[in-house]
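Below: input_8.cif (mmCIF, C-alpha atoms)
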```cif
data_data
loop_
_atom_site.label_atom_id
_atom_site.label_comp_id
_atom_site.auth_asym_id
_atom_site.auth_seq_id
_atom_site.Cartn_x
_atom_site.Cartn_y
_atom_site.Cartn_z
CA MET Z 262 123.42 -40.92 130.12
CA GLU Z 263 120.69 -43.23 131.38
CA PRO Z 264 121.04 -46.94 130.62
CA VAL Z 265 118.76 -48.30 127.88
CA PRO Z 266 116.28 -50.82 129.30
CA ASP Z 267 116.62 -54.35 127.95
CA ILE Z 268 113.86 -55.93 125.90
CA GLY Z 269 112.23 -57.68 128.87
CA THR Z 270 112.11 -54.48 130.91
CA ARG Z 271 110.64 -52.54 128.00
CA GLU Z 272 107.95 -55.16 127.54
CA VAL Z 273 107.02 -55.02 131.23
CA LEU Z 274 106.87 -51.21 131.18
CA ALA Z 275 104.74 -51.29 128.05
CA CYS Z 276 102.30 -53.63 129.76
CA ASP Z 277 102.24 -51.35 132.79
CA GLU Z 278 101.42 -48.38 130.57
CA SER Z 279 98.68 -50.38 128.87
CA PHE Z 280 97.12 -51.08 132.25
CA PHE Z 281 96.81 -47.37 133.02
CA THR Z 282 95.62 -46.65 129.47
CA ALA Z 283 92.85 -49.23 129.87
CA LEU Z 284 91.77 -47.69 133.18
CA LEU Z 285 91.59 -44.19 131.65
CA ALA Z 286 89.65 -45.39 128.62
CA ALA Z 287 87.42 -47.72 130.67
CA ASP Z 288 88.48 -50.35 128.12
CA HIS Z 289 87.07 -53.55 129.57
CA GLU Z 290 88.43 -55.75 126.79
CA LEU Z 291 91.98 -54.39 126.92
CA LEU Z 292 92.01 -54.67 130.68
CA GLY Z 293 90.86 -58.26 130.41
CA THR Z 294 93.86 -59.16 128.24
CA ILE Z 295 96.27 -57.62 130.77
CA LEU Z 296 94.94 -59.08 134.01
CA ALA Z 297 95.83 -62.62 134.98
CA LYS Z 298 92.96 -64.98 135.73
CA ASP Z 299 93.83 -64.97 139.44
CA PHE Z 300 94.57 -61.22 139.55
CA LEU Z 301 93.91 -59.39 142.79
CA ILE Z 302 94.17 -55.75 143.78
CA ILE Z 303 94.58 -54.03 147.16
CA ASP Z 304 92.42 -50.92 146.96
CA VAL Z 305 94.40 -47.70 147.42
CA LEU Z 306 91.56 -46.06 149.38
CA SER Z 307 90.19 -48.80 151.61
CA GLY Z 308 92.88 -51.47 151.75
CA GLN Z 309 90.30 -54.07 150.75
CA VAL Z 310 91.11 -56.97 148.44
CA ALA Z 311 89.27 -57.24 145.12
CA HIS Z 312 89.62 -59.84 142.39
CA ARG Z 313 89.74 -59.73 138.59
CA GLU Z 314 86.01 -59.93 137.92
CA GLU Z 315 85.24 -57.33 140.57
CA LEU Z 316 87.55 -54.76 138.98
CA LEU Z 317 86.34 -55.55 135.47
CA GLY Z 318 82.74 -55.32 136.64
CA ALA Z 319 83.27 -51.94 138.31
CA ILE Z 320 84.91 -50.58 135.14
CA SER Z 321 82.34 -51.95 132.69
CA SER Z 322 79.35 -50.84 134.80
CA GLY Z 323 80.67 -47.32 135.15
CA GLN Z 324 80.80 -47.48 138.94
CA LEU Z 325 84.53 -46.79 138.74
CA ARG Z 326 85.89 -44.18 136.36
CA PHE Z 327 89.37 -42.68 136.01
CA ALA Z 328 89.52 -39.07 134.83
CA GLU Z 329 93.26 -38.67 135.26
CA VAL Z 330 96.27 -40.91 135.93
CA THR Z 331 99.56 -39.03 136.07
CA ARG Z 332 102.60 -41.33 136.06
CA HIS Z 333 105.94 -40.10 137.36
CA HIS Z 334 108.31 -41.99 135.06
CA GLU Z 335 111.38 -40.68 136.87
CA GLU Z 336 110.17 -42.57 139.97
CA ARG Z 337 109.55 -45.93 138.40
CA TRP Z 338 111.61 -49.04 138.99
CA VAL Z 339 111.54 -52.53 137.47
CA ARG Z 340 112.90 -55.71 138.96
CA LEU Z 341 113.01 -58.54 136.42
CA HIS Z 342 113.78 -62.17 137.14
CA ASP Z 343 113.13 -64.84 134.50
CA SER Z 344 109.36 -64.93 134.01
CA ALA Z 345 108.50 -62.64 136.91
CA ALA Z 346 108.72 -58.86 137.26
CA VAL Z 347 107.85 -56.19 139.80
CA VAL Z 348 107.15 -52.55 138.90
CA ALA Z 349 107.13 -49.86 141.58
CA GLY Z 350 106.12 -46.31 140.77
CA ARG Z 351 104.23 -43.17 141.77
CA THR Z 352 100.95 -41.81 140.43
CA ARG Z 353 98.38 -39.10 140.96
CA MET Z 354 94.89 -40.33 140.13
CA VAL Z 355 91.54 -38.60 139.89
CA MET Z 356 88.80 -41.19 139.97
CA SER Z 357 85.05 -41.39 140.48
CA TYR Z 358 83.45 -44.20 142.43
CA ARG Z 359 79.64 -44.28 142.55
CA GLY Z 360 79.51 -40.56 141.90
CA ASP Z 361 82.13 -39.44 144.43
CA GLU Z 362 85.24 -37.91 142.90
CA VAL Z 363 88.46 -38.77 144.73
CA THR Z 364 91.98 -37.49 144.20
CA VAL Z 365 94.76 -39.68 145.52
CA GLN Z 366 98.54 -39.60 145.24
CA SER Z 367 100.17 -42.94 145.84
CA ARG Z 368 103.05 -45.28 145.29
CA TYR Z 369 102.13 -48.56 143.68
CA THR Z 370 103.58 -52.03 143.32
CA HIS Z 371 102.59 -54.21 140.35
CA ALA Z 372 103.61 -57.85 140.08
CA TYR Z 373 103.78 -59.44 136.60
CA ALA Z 374 104.27 -62.99 135.35
CA ARG Z 375 105.01 -64.13 131.82
CA GLU Z 376 102.33 -66.50 130.53
CA SER Z 377 102.17 -67.96 127.00
CA GLY Z 378 104.67 -65.43 125.71
CA ARG Z 379 103.10 -62.28 127.18
CA TRP Z 380 103.18 -60.42 130.47
CA ARG Z 381 100.13 -60.59 132.75
CA LEU Z 382 99.43 -58.42 135.76
CA MET Z 383 99.11 -60.72 138.77
CA SER Z 384 98.54 -58.19 141.54
CA ALA Z 385 98.44 -54.46 142.21
CA GLN Z 386 98.69 -52.54 145.44
CA GLY Z 387 98.58 -48.80 146.07
CA THR Z 388 99.74 -46.93 149.17
CA PRO Z 389 98.61 -43.30 149.57
CA THR Z 390 101.49 -40.83 150.07
CA SER Z 391 99.06 -38.20 151.36
CA ALA Z 392 95.50 -38.24 152.61
CA PRO Z 393 93.08 -38.89 149.72
CA ARG Z 394 90.53 -36.15 149.15
CA ILE Z 395 86.93 -36.59 148.16
CA ARG Z 396 85.33 -33.77 146.21
CA GLY Z 397 84.06 -31.20 148.69
CA GLY Z 398 86.99 -31.75 151.06
CA ARG Z 399 85.73 -34.92 152.74
CA MET Z 400 88.11 -37.62 153.82
CA PRO Z 401 87.41 -41.29 153.02
CA LEU Z 402 87.47 -43.43 156.13
CA PHE Z 403 88.81 -46.95 156.36
CA CYS Z 404 88.23 -48.71 159.66
CA ASP Z 405 91.02 -51.08 160.62
CA THR Z 406 91.24 -53.14 163.80
CA ALA Z 407 92.91 -50.27 165.68
CA LEU Z 408 90.05 -47.89 164.93
CA ALA Z 409 87.48 -50.63 165.58
CA GLY Z 410 89.09 -51.27 168.97
CA ARG Z 411 88.97 -47.57 169.82
CA ILE Z 412 85.31 -47.30 168.86
CA GLU Z 413 84.42 -50.37 170.91
CA ARG Z 414 86.43 -49.02 173.85
CA VAL Z 415 84.55 -45.72 173.95
CA GLU Z 416 81.28 -47.63 173.53
CA ALA Z 417 82.13 -49.73 176.57
CA GLN Z 418 82.94 -46.55 178.51
CA LEU Z 419 79.57 -45.08 177.59
CA ILE Z 420 77.69 -48.21 178.69
CA ALA Z 421 79.58 -48.29 182.01
CA GLN Z 422 79.03 -44.58 182.73
CA GLY Z 423 75.38 -44.71 181.76
CA GLY Z 424 74.77 -47.80 183.87
CA GLU Z 425 76.45 -46.29 186.92
CA ALA Z 426 74.44 -43.07 186.55
CA ALA Z 427 71.19 -45.04 186.33
CA ARG Z 428 71.98 -47.03 189.47
CA ARG Z 429 72.88 -43.88 191.42
CA ARG Z 430 69.45 -42.42 190.66
CA SER Z 431 67.37 -45.52 191.25
CA GLY Z 432 69.39 -47.23 193.96
CA ALA Z 433 68.79 -50.51 192.12
CA ALA Z 434 71.19 -53.40 192.44
CA GLY Z 435 73.44 -53.91 189.44
CA PHE Z 436 77.00 -54.25 188.28
CA VAL Z 437 79.71 -53.12 185.89
CA ILE Z 438 82.22 -55.95 185.43
CA PRO Z 439 85.34 -55.46 183.26
CA ILE Z 440 85.95 -58.39 180.94
CA ALA Z 441 88.64 -58.78 178.27
CA GLY Z 442 88.84 -55.09 177.40
CA GLY Z 443 85.07 -54.60 177.51
CA VAL Z 444 82.40 -54.39 180.19
CA ALA Z 445 79.31 -56.26 181.30
CA SER Z 446 76.67 -53.93 182.69
CA PHE Z 447 73.34 -54.33 184.43
CA ALA Z 448 71.65 -51.06 185.42
CA GLY Z 449 68.18 -52.22 186.43
CA GLU Z 450 65.21 -54.04 184.99
CA GLY Z 451 64.60 -53.14 181.35
CA SER Z 452 67.53 -50.73 181.08
CA PRO Z 453 69.16 -50.17 177.68
CA PHE Z 454 72.51 -50.43 179.49
CA ASN Z 455 72.01 -54.13 180.24
CA LYS Z 456 74.55 -55.63 177.89
CA VAL Z 457 78.15 -56.71 177.27
CA ALA Z 458 80.12 -54.32 175.06
CA GLY Z 459 83.67 -53.87 173.83
CA LEU Z 460 84.78 -57.50 173.78
CA GLY Z 461 87.35 -58.91 171.39
CA PHE Z 462 90.11 -56.29 171.46
CA GLY Z 463 91.71 -57.09 174.80
CA GLY Z 464 92.19 -60.83 174.47
CA VAL Z 465 89.74 -63.72 174.62
CA PRO Z 466 88.04 -64.04 178.03
CA GLU Z 467 88.56 -67.16 180.05
CA SER Z 468 85.61 -69.50 180.44
CA ALA Z 469 85.51 -68.64 184.14
CA ALA Z 470 85.08 -64.96 183.31
CA LEU Z 471 82.16 -65.73 181.02
CA ASP Z 472 80.67 -67.99 183.70
CA GLU Z 473 80.80 -65.05 186.13
CA ILE Z 474 79.07 -62.74 183.66
CA GLU Z 475 76.34 -65.21 182.80
CA GLN Z 476 75.69 -65.96 186.48
CA ALA Z 477 75.56 -62.24 187.31
CA PHE Z 478 72.90 -61.57 184.67
CA ALA Z 479 70.95 -64.68 185.71
CA ALA Z 480 70.99 -63.51 189.35
CA CYS Z 481 69.34 -60.27 188.19
CA GLY Z 482 66.74 -62.20 186.19
CA SER Z 483 68.04 -60.85 182.90
CA PRO Z 484 69.18 -62.47 179.65
CA VAL Z 485 72.61 -61.64 178.28
CA GLN Z 486 73.08 -59.38 175.27
CA ILE Z 487 76.59 -59.33 173.80
CA GLU Z 488 77.44 -56.86 171.05
CA LEU Z 489 80.48 -58.12 169.20
CA ALA Z 490 82.34 -56.34 166.41
CA HIS Z 491 83.28 -58.44 163.39
CA LEU Z 492 86.90 -57.25 163.62
CA ALA Z 493 87.13 -58.59 167.15
CA ASP Z 494 89.35 -61.60 167.77
CA PRO Z 495 87.82 -64.44 165.68
CA ALA Z 496 88.51 -66.87 168.50
CA LEU Z 497 85.87 -65.08 170.58
CA GLY Z 498 83.12 -65.87 168.08
CA ASP Z 499 84.17 -69.53 168.11
CA LEU Z 500 84.12 -69.54 171.92
CA LEU Z 501 80.65 -68.03 172.14
CA THR Z 502 79.29 -70.44 169.56
CA ARG Z 503 80.62 -73.39 171.53
CA ARG Z 504 78.88 -72.02 174.61
CA GLY Z 505 75.54 -72.00 172.80
CA TYR Z 506 75.40 -68.36 171.76
CA ARG Z 507 73.70 -67.52 168.47
CA LEU Z 508 73.48 -64.49 166.20
CA GLU Z 509 70.17 -62.75 166.71
CA SER Z 510 70.56 -59.51 164.76
CA PHE Z 511 73.05 -56.95 163.58
CA GLU Z 512 73.51 -53.23 163.18
CA ASN Z 513 75.49 -50.85 161.00
CA VAL Z 514 77.48 -48.13 162.69
CA LEU Z 515 78.43 -45.33 160.31
CA GLY Z 516 81.58 -43.27 160.73
CA ARG Z 517 83.08 -40.28 159.00
CA ALA Z 518 86.54 -38.74 159.23
CA LEU Z 519 86.46 -35.02 160.00
CA THR Z 520 89.16 -32.66 158.78
CA ASP Z 521 89.37 -28.94 159.43
CA ASP Z 522 86.00 -27.34 160.20
CA PRO Z 523 83.06 -29.05 158.48
CA GLU Z 524 80.74 -26.72 156.66
CA ARG Z 525 77.38 -26.12 158.36
CA VAL Z 526 74.58 -26.55 155.84
CA LEU Z 527 71.07 -25.90 157.16
CA PRO Z 528 67.80 -25.41 155.27
CA PRO Z 529 66.04 -22.06 155.72
CA GLY Z 530 64.27 -21.80 159.06
CA VAL Z 531 66.24 -24.61 160.68
CA GLU Z 532 68.52 -24.05 163.67
CA VAL Z 533 70.68 -26.60 165.50
CA ARG Z 534 72.32 -25.49 168.75
CA ARG Z 535 73.38 -26.61 172.21
CA SER Z 536 70.44 -27.19 174.52
CA GLY Z 537 70.67 -25.68 178.00
CA ALA Z 538 69.06 -26.53 181.33
CA GLU Z 539 66.38 -23.88 180.82
CA GLU Z 540 64.66 -25.99 178.17
CA SER Z 541 65.45 -29.43 179.55
CA GLU Z 542 61.82 -30.38 180.20
CA ALA Z 543 60.70 -29.33 176.73
CA TRP Z 544 63.70 -31.15 175.23
CA LEU Z 545 62.85 -34.34 177.14
CA GLU Z 546 59.24 -34.11 176.01
CA VAL Z 547 60.16 -33.90 172.33
CA VAL Z 548 62.75 -36.69 172.54
CA ALA Z 549 60.53 -39.03 174.56
CA GLU Z 550 57.52 -38.46 172.32
CA GLY Z 551 59.57 -38.96 169.18
CA SER Z 552 61.09 -42.14 170.56
CA ILE Z 553 57.84 -43.92 171.38
CA HIS Z 554 55.93 -42.81 168.29
CA PRO Z 555 55.27 -45.74 165.93
CA ASP Z 556 57.52 -45.90 162.89
CA PRO Z 557 56.04 -47.77 159.90
CA GLN Z 558 59.36 -47.87 158.02
CA GLY Z 559 61.67 -50.88 158.03
CA VAL Z 560 61.05 -54.09 159.96
CA PRO Z 561 60.15 -54.53 163.64
CA TRP Z 562 62.87 -53.89 166.19
CA HIS Z 563 63.69 -56.12 169.15
CA GLU Z 564 63.83 -53.60 171.96
CA GLU Z 565 60.98 -51.58 173.45
CA PHE Z 566 61.52 -48.91 176.10
CA PRO Z 567 58.66 -47.05 177.79
CA ARG Z 568 58.48 -43.28 177.89
CA GLU Z 569 59.54 -43.16 181.55
CA MET Z 570 62.66 -45.22 180.86
CA ILE Z 571 63.71 -42.94 178.00
CA ILE Z 572 63.29 -39.84 180.16
CA ASP Z 573 65.18 -41.43 183.07
CA VAL Z 574 68.07 -42.43 180.82
CA GLU Z 575 68.38 -38.94 179.35
CA ARG Z 576 68.25 -37.37 182.82
CA ASP Z 577 70.90 -39.77 184.08
CA MET Z 578 73.25 -39.09 181.19
CA ALA Z 579 72.89 -35.32 181.59
CA ALA Z 580 73.31 -35.41 185.37
CA ALA Z 581 76.53 -37.42 185.05
CA ASP Z 582 77.86 -35.15 182.26
CA VAL Z 583 78.14 -38.19 180.04
CA THR Z 584 76.64 -36.53 176.96
CA VAL Z 585 75.96 -33.06 175.57
CA ARG Z 586 72.47 -32.13 174.44
CA TYR Z 587 71.55 -30.43 171.17
CA ALA Z 588 68.23 -29.01 170.02
CA GLY Z 589 66.80 -28.77 166.53
CA LEU Z 590 64.35 -25.95 165.87
CA ARG Z 591 62.08 -25.27 162.93
CA ASP Z 592 60.98 -21.65 162.60
CA GLY Z 593 61.95 -21.13 166.23
CA ILE Z 594 59.96 -24.10 167.56
CA LEU Z 595 61.69 -27.04 169.24
CA ALA Z 596 61.21 -29.98 166.88
CA GLY Z 597 63.99 -32.44 167.75
CA GLY Z 598 66.77 -33.33 170.14
CA ALA Z 599 70.08 -35.18 170.03
CA THR Z 600 73.01 -36.07 172.25
CA MET Z 601 76.75 -36.50 171.64
CA ARG Z 602 79.77 -37.71 173.57
CA ILE Z 603 83.43 -37.17 172.65
CA ALA Z 604 86.14 -39.53 173.92
CA GLU Z 605 89.54 -40.60 172.55
CA GLY Z 606 88.99 -38.60 169.37
CA VAL Z 607 85.66 -40.27 168.62
CA ALA Z 608 82.45 -38.25 168.53
CA GLN Z 609 79.64 -40.64 169.43
CA LEU Z 610 76.25 -39.52 168.18
CA THR Z 611 74.43 -41.16 171.05
CA GLY Z 612 70.85 -40.57 169.96
CA ALA Z 613 68.39 -38.30 168.18
CA ALA Z 614 64.63 -37.97 167.84
CA THR Z 615 62.27 -35.64 166.01
CA ALA Z 616 58.77 -34.57 166.92
CA PRO Z 617 56.24 -37.07 165.51
CA THR Z 618 53.50 -34.47 164.99
CA PRO Z 619 53.64 -30.92 163.63
CA PRO Z 620 53.22 -27.92 165.94
CA PRO Z 621 49.60 -26.65 165.99
CA GLY Z 622 48.71 -24.81 162.79
CA ARG Z 623 51.95 -25.72 161.02
CA ALA Z 624 52.71 -28.10 158.21
CA HIS Z 625 55.10 -30.73 159.48
CA ARG Z 626 58.63 -30.47 158.19
CA ALA Z 627 60.99 -32.06 160.65
CA ALA Z 628 63.99 -30.05 161.74
CA VAL Z 629 66.56 -32.78 161.71
CA GLY Z 630 65.11 -35.56 159.59
CA PRO Z 631 62.00 -37.64 158.93
CA ALA Z 632 59.33 -37.83 161.63
CA ARG Z 633 60.72 -40.84 163.42
CA ARG Z 634 62.59 -41.49 166.61
CA ARG Z 635 66.26 -42.12 166.38
CA LEU Z 636 67.62 -42.86 169.79
CA GLY Z 637 70.01 -45.03 167.89
CA ARG Z 638 72.20 -47.60 169.50
CA ARG Z 639 71.49 -46.51 173.05
CA LEU Z 640 67.71 -46.83 173.20
CA ARG Z 641 66.42 -48.77 170.23
CA ARG Z 642 67.31 -49.99 166.77
CA ARG Z 643 65.03 -50.04 163.79
CA GLY Z 644 64.91 -51.91 160.51
CA HIS Z 645 68.13 -53.71 159.69
CA HIS Z 646 70.11 -51.64 162.18
CA HIS Z 647 69.54 -54.05 165.06
CA PRO Z 648 72.02 -54.85 167.78
CA ALA Z 649 73.39 -58.33 167.98
CA ARG Z 650 70.91 -59.52 170.52
CA ILE Z 651 69.46 -62.79 171.68
CA GLU Z 652 66.40 -63.36 173.82
CA VAL Z 653 66.74 -66.38 176.07
CA PRO Z 654 65.59 -67.38 179.55
CA ALA Z 655 67.68 -65.81 182.30
CA GLU Z 656 69.02 -69.16 183.38
CA ARG Z 657 70.65 -69.50 179.97
CA ALA Z 658 72.53 -66.31 179.27
CA THR Z 659 73.09 -66.48 175.54
CA PRO Z 660 73.83 -63.41 173.46
CA GLY Z 661 74.26 -62.76 169.81
CA LEU Z 662 76.99 -61.22 167.74
CA ARG Z 663 77.32 -57.71 166.44
CA PRO Z 664 79.62 -57.13 163.40
CA ALA Z 665 82.43 -56.07 160.33
CA LEU Z 666 83.90 -52.97 158.93
CA TYR Z 667 83.84 -51.93 155.34
CA PRO Z 668 84.31 -48.57 153.66
CA CYS Z 669 81.30 -46.78 152.21
CA ARG Z 670 80.89 -43.94 149.79
CA SER Z 671 80.72 -40.25 150.67
CA GLY Z 672 83.49 -40.37 153.22
CA GLN Z 673 81.61 -42.70 155.53
CA ALA Z 674 82.43 -46.18 156.66
CA ALA Z 675 79.99 -48.74 157.93
CA LEU Z 676 81.61 -49.81 161.15
CA ASN Z 677 80.33 -53.21 162.17
CA PRO Z 678 77.81 -54.47 159.58
CA HIS Z 679 77.53 -58.21 160.08
CA ALA Z 680 77.64 -60.50 157.09
CA GLY Z 681 75.74 -63.31 158.75
CA ASP Z 682 72.07 -64.26 158.82
CA PRO Z 683 70.42 -62.47 161.76
CA ARG Z 684 68.08 -65.42 162.18
CA LEU Z 685 70.91 -67.94 162.45
CA GLN Z 686 69.72 -70.95 164.40
CA PRO Z 687 71.43 -71.75 167.69
CA CYS Z 688 74.02 -74.39 168.27
CA PRO Z 689 72.20 -77.06 170.30
CA PRO Z 690 73.13 -76.51 173.95
CA ALA Z 691 71.48 -79.71 175.17
CA ALA Z 692 74.85 -81.26 175.99
CA ARG Z 693 75.50 -78.47 178.50
CA THR Z 694 72.08 -78.21 180.08
CA GLY Z 695 70.39 -81.53 179.52
CA LYS Z 696 67.39 -79.71 177.98
CA PRO Z 697 66.14 -80.05 174.44
CA ALA Z 698 67.58 -77.37 172.20
CA ALA Z 699 64.12 -76.01 171.37
CA SER Z 700 63.44 -75.15 175.00
CA GLU Z 701 66.61 -73.14 175.35
CA TYR Z 702 65.73 -70.32 172.98
CA GLU Z 703 62.82 -68.18 172.12
CA PRO Z 704 62.22 -68.29 168.35
CA ALA Z 705 63.87 -65.61 166.26
CA PRO Z 706 61.45 -62.82 165.34
CA GLY Z 707 59.63 -63.38 162.10
CA GLY Z 708 59.47 -61.10 159.12
CA LYS Z 709 62.14 -59.86 156.83
CA HIS Z 710 65.57 -59.10 158.31
#
```
Would you write out, as structure tokens, the structure that this file holds?
Amino acid sequence: MEPVPDIGTREVLACDESFFTALLAADHELLGTILAKDFLIIDVLSGQVAHREELLGAISSGQLRFAEVTRHHEERWVRLHDSAAVVAGRTRMVMSYRGDEVTVQSRYTHAYARESGRWRLMSAQGTPTSAPRIRGGRMPLFCDTALAGRIERVEAQLIAQGGEAARRRSGAAGFVIPIAGGVASFAGEGSPFNKVAGLGFGGVPESAALDEIEQAFAACGSPVQIELAHLADPALGDLLTRRGYRLESFENVLGRALTDDPERVLPPGVEVRRSGAEESEAWLEVVAEGSIHPDPQGVPWHEEFPREMIIDVERDMAAADVTVRYAGLRDGILAGGATMRIAEGVAQLTGAATAPTPPPGRAHRAAVGPARRRLGRRLRRRGHHHPARIEVPAERATPGLRPALYPCRSGQAALNPHAGDPRLQPCPPAARTGKPAASEYEPAPGGKH
């Protein structure tokens, strides 16, 4: 015979049941009477922290809906002490967030406190017991510091390999200098590989190491561009700010977890396949033309690369076996190109472009997207997807900062969107250089960011 719960335990369990009832019924008012004023919840899917008003707002707006909450009462425990109680249990929930249906099985921990004669839910945390599933078989992706570090590491590898390949072809002077888990690379005048990448996950660099990097770029007549993930060590951002670095712009990097074999969905007449050496010149022509074609969408980007540079970069990457080429065809005609690199379990989509004009006699319907160039993070950024970049005289190597990680809908996560103002004004460096602050920086680009 099971012991009969005492009155306090029954009251706590009744409040716990009311919480799930309110979620199922989308009962904003009932939920408001259960949640404490300082309530917080650790999201079972993303691990993010949300507060009382955020949960109530998501429920009342319809963004968050619960279609099913199955409670396993045989796996529920209560720990009661005076005016505090903890409930641990197991659930299976089917929920919809912004139109995406997710099924998740989890164990939860609810903390209650007795206030003015009734129990209030102070906090809630869910831990998945199996991988959550989004309708259609897609996996939600949450990017923690470990994944962020891995992504930055493979990015640094790509920059180093691309820079070395470019220097082998051109014979230009340059460098690849390891620094604090990342690399500083200079591959020649105007190269997209001239940057510092991957910092913040291998310790904070010493001032002497940063001095070396800044002097190396200055010796090549180049400004410094640092791309810094928001989940990098916070001390690094403080260090760069003290050295006079400012945030110039930011970019979003989208990620998606892949499970099993993703379904290939192509419109009629569209083909995407590996691109071989036999069509390399045609592939380069489409990619280069798509990349330099004006794009009226979004806001101006900071980086411009001539046609010859784009072709050289793609040749270098292919010659060094850094990336794999893909072709997009529409009705058998080459209409777009893309490249990919796989390292450490990360598939980097390293660039894509579509033909800016239709083939003769054909209505234009791009094979792999709108008629715009998308050489992505490697060659240029458009709109609000800018790198964290700063333009300064070569004698003052001052970069900007690149970004945070937050989960998105549809199984994607935005990896590295920065929450700051991309036109953030610089910290005055006059104390270091003896020059007026205004002379140290070129003004941030105008227009909307």
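With all atoms listed in the file as the basis for measurement, Z:Asp304 is the residue among Z:Asp592, Z:Asp304, Z:Asp267, Z:Glu473 that approaches Gly387 (chain Z) most closely.
Distance check against Ala345 (chain Z) using only C-alpha atoms: of Z:Ile571, Z:Ala458, Z:Met383, Z:Ala580, the minimum falls on Z:Met383.
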With the PyMOL selection byres ((chain Z and resi 438) around 10) as the selection, what would be picked from this file? Answer as a ChimeraX atom specification, please. /Z:421,435-437,439-440,443-447,457,470,473-474,477
Result set, the PyMOL selection byres ((chain Z and resi 577) around 12) on current file, as a ChimeraX atom specification: /Z:422-431,448,452,454,545,570-576,578-585
Please evaluate the PyMOL selection byres ((chain Z and resi 360-377) around 7) against the displayed coordinates and give the resulting residues as a PyMOL selection string. chain Z and resi 344-359+378-391+393-396+671
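Closest to Asp343 (chain Z) among Z:Val547, Z:Thr270, Z:Ala287, Z:Glu605 is Z:Thr270, based on all atoms listed in the file.
Atom pair CA of Glu315 (chain Z) / CA of Phe300 (chain Z): separated by 10.2 Å.
Computed from the coordinates, the CA of Thr502 (chain Z) to CA of Glu565 (chain Z) distance equals 26.6 Å.
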Point (86.5, -66.1, 167.3) neighbourhood (12 Å, all atoms listed in the file) written as a PyMOL selection string: chain Z and resi 460-462+464-466+489-503+662+664
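In this structure, CA of Gly598 (chain Z) sits 12.9 Å away from CA of Val531 (chain Z).
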Show which residues sit within 12 Å of Glu290 (chain Z), as an mmCIF file with C-alpha atoms, in the frame of the given file. Count only C-alpha atoms, and ignore same-chain residues fewer than 3 positions away.
```cif
data_model
loop_
_atom_site.group_PDB
_atom_site.id
_atom_site.type_symbol
_atom_site.label_atom_id
_atom_site.label_comp_id
_atom_site.auth_asym_id
_atom_site.auth_seq_id
_atom_site.Cartn_x
_atom_site.Cartn_y
_atom_site.Cartn_z
ATOM 1 C CA SER Z 279 98.680 -50.380 128.870
ATOM 2 C CA PHE Z 280 97.120 -51.080 132.250
ATOM 3 C CA THR Z 282 95.620 -46.650 129.470
ATOM 4 C CA ALA Z 283 92.850 -49.230 129.870
ATOM 5 C CA LEU Z 284 91.770 -47.690 133.180
ATOM 6 C CA ALA Z 286 89.650 -45.390 128.620
ATOM 7 C CA ALA Z 287 87.420 -47.720 130.670
ATOM 8 C CA GLY Z 293 90.860 -58.260 130.410
ATOM 9 C CA THR Z 294 93.860 -59.160 128.240
ATOM 10 C CA ILE Z 295 96.270 -57.620 130.770
ATOM 11 C CA LEU Z 296 94.940 -59.080 134.010
ATOM 12 C CA LEU Z 317 86.340 -55.550 135.470
ATOM 13 C CA GLY Z 318 82.740 -55.320 136.640
ATOM 14 C CA ILE Z 320 84.910 -50.580 135.140
ATOM 15 C CA SER Z 321 82.340 -51.950 132.690
#
```
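Nearest residue to Ile303 (chain Z), choosing from Z:Leu316, Z:Ala433, Z:Ile412, Z:Glu532 and counting all atoms listed in the file: Z:Leu316.
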Pick out the residues sitting within 7 Å of Thr600 (chain Z), and hand them over as a ChimeraX atom specification; count all atoms listed in the file, and ignore anything fewer than 3 positions along from it in its own chain. /Z:584-587,610-613
